[in-house]
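Participant: Sharing upload.cif (mmCIF, C-alpha atoms) below.
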```cif
data_work
loop_
_atom_site.label_atom_id
_atom_site.label_comp_id
_atom_site.auth_asym_id
_atom_site.auth_seq_id
_atom_site.Cartn_x
_atom_site.Cartn_y
_atom_site.Cartn_z
CA MET I 284 0.00 0.00 0.00
CA ALA I 285 2.75 2.44 1.00
CA GLN I 286 4.69 1.61 -2.16
CA ALA I 287 1.61 2.23 -4.31
CA VAL I 288 1.09 5.64 -2.72
CA GLU I 289 4.76 6.48 -3.24
CA GLU I 290 4.58 5.53 -6.91
CA TRP I 291 1.39 7.57 -7.34
CA TYR I 292 3.08 10.57 -5.74
CA LYS I 293 6.25 10.26 -7.83
CA GLN I 294 4.26 10.03 -11.06
CA MET I 295 2.57 13.39 -10.45
CA PRO I 296 3.75 16.24 -12.69
CA ILE I 297 5.95 18.84 -11.00
CA ILE I 298 3.44 21.66 -10.40
CA THR I 299 0.73 19.33 -9.06
CA ARG I 300 3.17 17.52 -6.80
CA SER I 301 4.67 20.77 -5.48
CA TYR I 302 1.31 22.42 -4.78
CA LEU I 303 -0.20 19.31 -3.17
CA THR I 304 2.87 18.85 -0.96
CA ALA I 305 2.91 22.49 0.14
CA ALA I 306 -0.82 22.40 0.91
CA ILE I 307 -0.63 19.20 2.97
CA VAL I 308 2.49 20.27 4.87
CA THR I 309 1.03 23.71 5.64
CA THR I 310 -2.35 22.37 6.78
CA ILE I 311 -0.80 19.61 8.92
CA GLY I 312 1.66 22.12 10.38
CA CYS I 313 -1.23 24.36 11.45
CA SER I 314 -3.15 21.40 12.89
CA LEU I 315 -0.14 20.49 15.02
CA ASP I 316 0.36 24.12 16.08
CA ILE I 317 3.78 24.20 14.43
CA ILE I 318 2.56 26.99 12.14
CA SER I 319 0.04 29.62 13.10
CA PRO I 320 -2.76 30.38 10.58
CA TYR I 321 -2.56 33.99 11.80
CA ASN I 322 0.78 34.24 10.00
CA LEU I 323 -0.67 32.90 6.76
CA TYR I 324 -4.01 34.56 6.09
CA LEU I 325 -4.51 37.35 3.54
CA ASN I 326 -4.26 40.74 5.24
CA PRO I 327 -3.71 43.68 2.85
CA LYS I 328 -2.71 46.07 5.66
CA LEU I 329 0.04 43.76 6.91
CA VAL I 330 1.22 43.15 3.35
CA VAL I 331 1.53 46.87 2.60
CA LYS I 332 2.52 48.33 5.96
CA GLN I 333 4.53 45.48 7.50
CA TYR I 334 5.85 44.09 4.18
CA GLU I 335 4.52 40.61 5.00
CA VAL I 336 4.34 39.77 1.30
CA TRP I 337 4.42 36.01 1.94
CA ARG I 338 0.71 36.25 2.83
CA LEU I 339 -0.03 36.70 -0.88
CA ILE I 340 1.18 33.10 -1.33
CA THR I 341 0.51 31.33 1.97
CA ASN I 342 -3.22 32.07 1.93
CA PHE I 343 -3.43 29.68 -1.05
CA LEU I 344 -1.73 26.85 0.87
CA TYR I 345 -3.88 26.49 3.99
CA PHE I 346 -7.07 24.41 3.68
CA ARG I 347 -8.42 24.90 7.20
CA LYS I 348 -9.03 21.94 9.51
CA MET I 349 -7.97 18.34 8.89
CA ASP I 350 -11.48 17.03 8.31
CA LEU I 351 -13.67 15.58 5.58
CA ASP I 352 -13.76 18.95 3.81
CA PHE I 353 -9.93 18.95 3.73
CA LEU I 354 -9.84 15.45 2.17
CA PHE I 355 -12.52 16.54 -0.31
CA HIS I 356 -10.44 19.50 -1.50
CA MET I 357 -7.19 17.50 -1.55
CA PHE I 358 -8.91 15.00 -3.85
CA PHE I 359 -10.04 17.75 -6.22
CA LEU I 360 -6.65 19.45 -6.09
CA ALA I 361 -4.77 16.24 -6.89
CA ARG I 362 -7.24 15.11 -9.55
CA TYR I 363 -7.99 18.23 -11.58
CA CYS I 364 -4.61 19.90 -11.18
CA LYS I 365 -3.02 16.69 -12.47
CA LEU I 366 -5.53 16.30 -15.31
CA LEU I 367 -4.88 19.84 -16.51
CA GLU I 368 -1.09 19.57 -16.25
CA GLU I 369 -0.90 16.16 -17.94
CA ASN I 370 -3.41 16.82 -20.72
CA SER I 371 -4.34 20.41 -21.59
CA PHE I 372 -0.89 21.68 -20.54
CA ARG I 373 1.17 18.64 -21.50
CA GLY I 374 4.71 19.80 -22.26
CA ARG I 375 3.74 23.38 -21.25
CA THR I 376 4.63 23.56 -17.56
CA ALA I 377 5.37 27.29 -17.75
CA ASP I 378 1.92 27.98 -19.23
CA PHE I 379 0.27 25.96 -16.46
CA PHE I 380 2.21 27.83 -13.79
CA TYR I 381 1.15 31.11 -15.44
CA MET I 382 -2.48 29.99 -15.35
CA LEU I 383 -2.25 29.44 -11.58
CA LEU I 384 -0.46 32.77 -11.16
CA PHE I 385 -3.18 34.51 -13.18
CA GLY I 386 -5.91 32.85 -11.12
CA ALA I 387 -4.25 33.75 -7.82
CA THR I 388 -3.88 37.36 -8.96
CA VAL I 389 -7.52 37.63 -10.07
CA LEU I 390 -8.79 36.08 -6.83
CA THR I 391 -6.66 38.39 -4.69
CA GLY I 392 -7.78 41.42 -6.70
CA ILE I 393 -11.47 40.50 -6.38
CA VAL I 394 -11.20 40.14 -2.60
CA LEU I 395 -9.30 43.41 -2.22
CA ILE I 396 -11.71 45.38 -4.42
CA GLY I 397 -14.77 43.67 -2.94
CA GLY I 398 -13.63 44.69 0.53
CA MET I 399 -13.99 48.33 -0.51
CA ILE I 400 -17.55 48.06 -1.86
CA PRO I 401 -20.40 48.89 0.54
CA TYR I 402 -22.97 46.17 1.36
CA VAL I 403 -20.63 43.33 0.27
CA SER I 404 -17.45 44.41 2.08
CA GLU I 405 -18.33 42.35 5.16
CA SER I 406 -18.72 39.18 3.08
CA PHE I 407 -15.35 39.71 1.38
CA ALA I 408 -13.67 40.56 4.70
CA LYS I 409 -14.44 37.02 5.87
CA ILE I 410 -12.52 35.50 2.93
CA ILE I 411 -8.97 35.33 4.27
CA PHE I 412 -7.87 32.07 2.63
CA LEU I 413 -8.24 31.54 -1.13
CA SER I 414 -6.95 27.97 -1.42
CA ASN I 415 -10.42 26.49 -1.99
CA SER I 416 -11.21 29.14 -4.61
CA LEU I 417 -8.02 28.39 -6.58
CA THR I 418 -8.86 24.68 -6.51
CA PHE I 419 -12.36 25.46 -7.77
CA MET I 420 -10.87 27.56 -10.55
CA MET I 421 -8.95 24.51 -11.81
CA VAL I 422 -12.15 22.45 -11.73
CA TYR I 423 -13.92 25.15 -13.76
CA VAL I 424 -11.18 25.40 -16.39
CA TRP I 425 -11.05 21.62 -16.77
CA SER I 426 -14.84 21.44 -17.16
CA LYS I 427 -14.75 24.07 -19.91
CA GLN I 428 -12.03 22.22 -21.79
CA ASN I 429 -13.75 18.83 -21.40
CA PRO I 430 -17.47 19.69 -21.51
CA PHE I 431 -18.79 16.41 -22.94
CA ILE I 432 -17.29 13.93 -20.47
CA HIS I 433 -20.03 12.07 -18.58
CA MET I 434 -19.81 12.14 -14.80
CA SER I 435 -21.78 10.87 -11.81
CA PHE I 436 -22.40 12.62 -8.51
CA LEU I 437 -22.34 10.15 -5.61
CA GLY I 438 -24.11 7.67 -7.86
CA LEU I 439 -27.31 9.74 -7.59
CA PHE I 440 -27.42 11.26 -11.06
CA THR I 441 -25.26 11.71 -14.14
CA PHE I 442 -24.32 14.86 -15.98
CA THR I 443 -21.70 16.17 -18.38
CA ALA I 444 -18.52 17.86 -17.15
CA ALA I 445 -19.76 21.26 -18.35
CA TYR I 446 -22.13 21.29 -15.34
CA LEU I 447 -19.58 20.06 -12.77
CA PRO I 448 -18.89 23.49 -11.20
CA TRP I 449 -22.62 24.13 -10.77
CA VAL I 450 -23.18 20.71 -9.23
CA LEU I 451 -20.37 21.32 -6.74
CA LEU I 452 -21.67 24.83 -6.01
CA GLY I 453 -25.12 23.41 -5.27
CA PHE I 454 -23.59 20.77 -3.02
CA SER I 455 -21.66 23.44 -1.09
CA VAL I 456 -24.85 25.41 -0.50
CA LEU I 457 -26.63 22.21 0.52
CA VAL I 458 -24.10 21.40 3.25
CA GLY I 459 -24.09 24.98 4.53
CA ALA I 460 -20.73 26.10 3.15
CA SER I 461 -20.17 29.61 1.83
CA ALA I 462 -21.07 29.93 -1.85
CA TRP I 463 -18.75 32.94 -2.20
CA VAL I 464 -15.65 30.75 -2.17
CA ASP I 465 -16.84 28.61 -5.08
CA LEU I 466 -18.22 31.60 -6.98
CA LEU I 467 -14.85 33.37 -6.81
CA GLY I 468 -13.18 30.29 -8.28
CA MET I 469 -15.74 30.22 -11.09
CA ILE I 470 -15.18 33.91 -11.86
CA ALA I 471 -11.39 33.49 -11.99
CA GLY I 472 -11.73 30.32 -14.06
CA HIS I 473 -14.09 31.95 -16.55
CA ALA I 474 -11.79 34.97 -16.87
CA TYR I 475 -8.92 32.66 -17.79
CA TYR I 476 -11.06 30.53 -20.13
CA PHE I 477 -12.38 33.60 -21.95
CA LEU I 478 -8.99 35.30 -22.37
CA GLU I 479 -7.13 32.11 -23.29
CA ASP I 480 -9.68 30.20 -25.41
CA VAL I 481 -12.63 32.39 -26.45
CA TYR I 482 -11.06 35.81 -27.07
CA PRO I 483 -8.20 34.49 -29.31
CA ARG I 484 -10.75 32.70 -31.53
CA MET I 485 -12.76 35.91 -31.83
CA THR I 486 -9.90 38.32 -32.53
CA GLY I 487 -6.83 36.27 -33.38
CA ARG I 488 -4.98 37.88 -30.45
CA ARG I 489 -3.85 36.06 -27.33
CA PRO I 490 -3.56 38.42 -24.31
CA LEU I 491 -2.35 35.77 -21.86
CA ARG I 492 0.99 34.90 -23.41
CA THR I 493 3.31 33.43 -20.82
CA PRO I 494 6.16 35.89 -20.09
CA GLN I 495 9.64 34.80 -21.13
CA PHE I 496 11.03 35.02 -17.59
CA ILE I 497 8.48 32.40 -16.48
CA LYS I 498 9.32 30.16 -19.43
CA ALA I 499 12.97 30.44 -18.44
CA MET I 500 12.11 28.95 -15.05
CA PHE I 501 11.00 25.67 -16.60
CA ALA I 502 12.99 23.49 -18.95
CA ASP I 503 11.22 22.43 -22.12
CA GLU I 504 9.71 18.97 -21.72
CA ALA I 505 10.13 16.38 -24.43
CA ILE I 506 6.87 14.62 -25.28
CA VAL I 507 7.59 10.93 -25.81
CA VAL I 508 5.56 9.26 -28.54
CA PRO I 509 5.35 5.44 -28.20
CA ARG I 510 6.95 3.63 -31.12
CA ASN I 511 4.98 1.08 -33.08
CA PRO I 512 6.79 -2.28 -32.61
CA ASN I 513 5.82 -3.31 -36.15
CA MET I 514 7.41 -0.24 -37.67
CA ARG I 515 10.63 -0.93 -39.63
CA PHE I 516 13.19 1.58 -40.80
CA ALA I 517 15.42 1.22 -43.85
CA PRO I 518 19.12 0.69 -43.09
CA PRO I 519 21.34 3.76 -43.58
CA LEU I 520 22.94 4.20 -46.99
CA ALA I 521 26.49 2.92 -47.24
CA GLU I 522 29.16 5.56 -47.69
CA GLY I 523 29.53 6.45 -51.33
CA ALA I 524 26.20 4.97 -52.31
CA HIS I 525 23.72 7.11 -54.21
CA GLN I 526 19.96 7.05 -53.85
CA ASP I 527 17.90 7.00 -57.06
#
```
Starting from the file, give its structure as structure tokens.
Facilitator:
Amino acid sequence: MAQAVEEWYKQMPIITRSYLTAAIVTTIGCSLDIISPYNLYLNPKLVVKQYEVWRLITNFLYFRKMDLDFLFHMFFLARYCKLLEENSFRGRTADFFYMLLFGATVLTGIVLIGGMIPYVSESFAKIIFLSNSLTFMMVYVWSKQNPFIHMSFLGLFTFTAAYLPWVLLGFSVLVGASAWVDLLGMIAGHAYYFLEDVYPRMTGRRPLRTPQFIKAMFADEAIVVPRNPNMRFAPPLAEGAHQD
């Protein structure tokens, strides 16, 4: 069993493995009181005035208590982050990293701006960790890129992947969780989907080109194509021979 888990972990692509590891270590560290969540949550005043810029990153790593909800989100993080990185972003690690960076930036911006708007500022002030929203963004992007895959929800009913975010949103409301968290992920995911897939088809321009300095951080990955065992190649021409 332990060996199977180790193999599963090692076979994860680099971004998925890194994010999952950081999330688990951070959440377990907080549960054991090794790390304090008060040093991780998003606080614009502390970021600006005290230069605690790490909060812009750490608020995406903490998934609250070690409970069923934590396992639920770890499953979705491991599954859909891996599916995106291995399929839609196969051989494009830098582009996948840029997608997560874009999503994190949009989510942070929405919370900061929302906190300044009357009537909704109190709701946004309660959102101090955006880890669940970033996970939901990945689910949304995957569902948009694979809309016709058939899925089942707890064996109760079937639907296509295009409706997966809405099914999960309804489930969150049903169990009493905040819908804001999921809605933020859907907004960030739709922003990425529109700018990366829809807008380029409409105008021929791609506004979300991955910057060169991010591409320089990741080595180009070679995509291995399995060789047909029945395929035969002609022997090389002998020196001095001429081909007709």
Participant: Nearest to Pro448 in chain I: which of I:Phe436, I:Phe419, I:Tyr363, I:Phe379 is it, counting only C-alpha atoms?
Facilitator: I:Phe419
Participant: Which distance in Å separates CA of Asn429 in chain I and CA of Glu369 in chain I, to one decimal?
Facilitator: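 Separating CA of Asn429 in chain I from CA of Glu369 in chain I is a distance of 13.6 Å.
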Participant: For the provided coordinates, the residues matched by the PyMOL selection byres ((chain I and resi 314-321) around 10) should be stated as an MDAnalysis selection string.
Facilitator: chainID I and resid 308:313 322:326 338 341:342 345 347:349 411:412
Participant: Could you tell me how far CA of Leu351 in chain I lies from CA of Glu289 in chain I, in Å and to one decimal?
Facilitator: 22.4 Å
Participant: Please enumerate the residues selected by the PyMOL selection byres ((chain I and resi 353-362) around 8) when evaluated against the supplied file, formatted as a PyMOL selection string.
Facilitator: chain I and resi 299+303+346-352+363-366+415+418+421-422
Participant: Give as a PyMOL selection string the residues that the PyMOL selection byres ((chain I and resi 390) around 8) matches when applied to the coordinates above.
Facilitator: chain I and resi 386-389+391-394+413+416-417+467-468+471
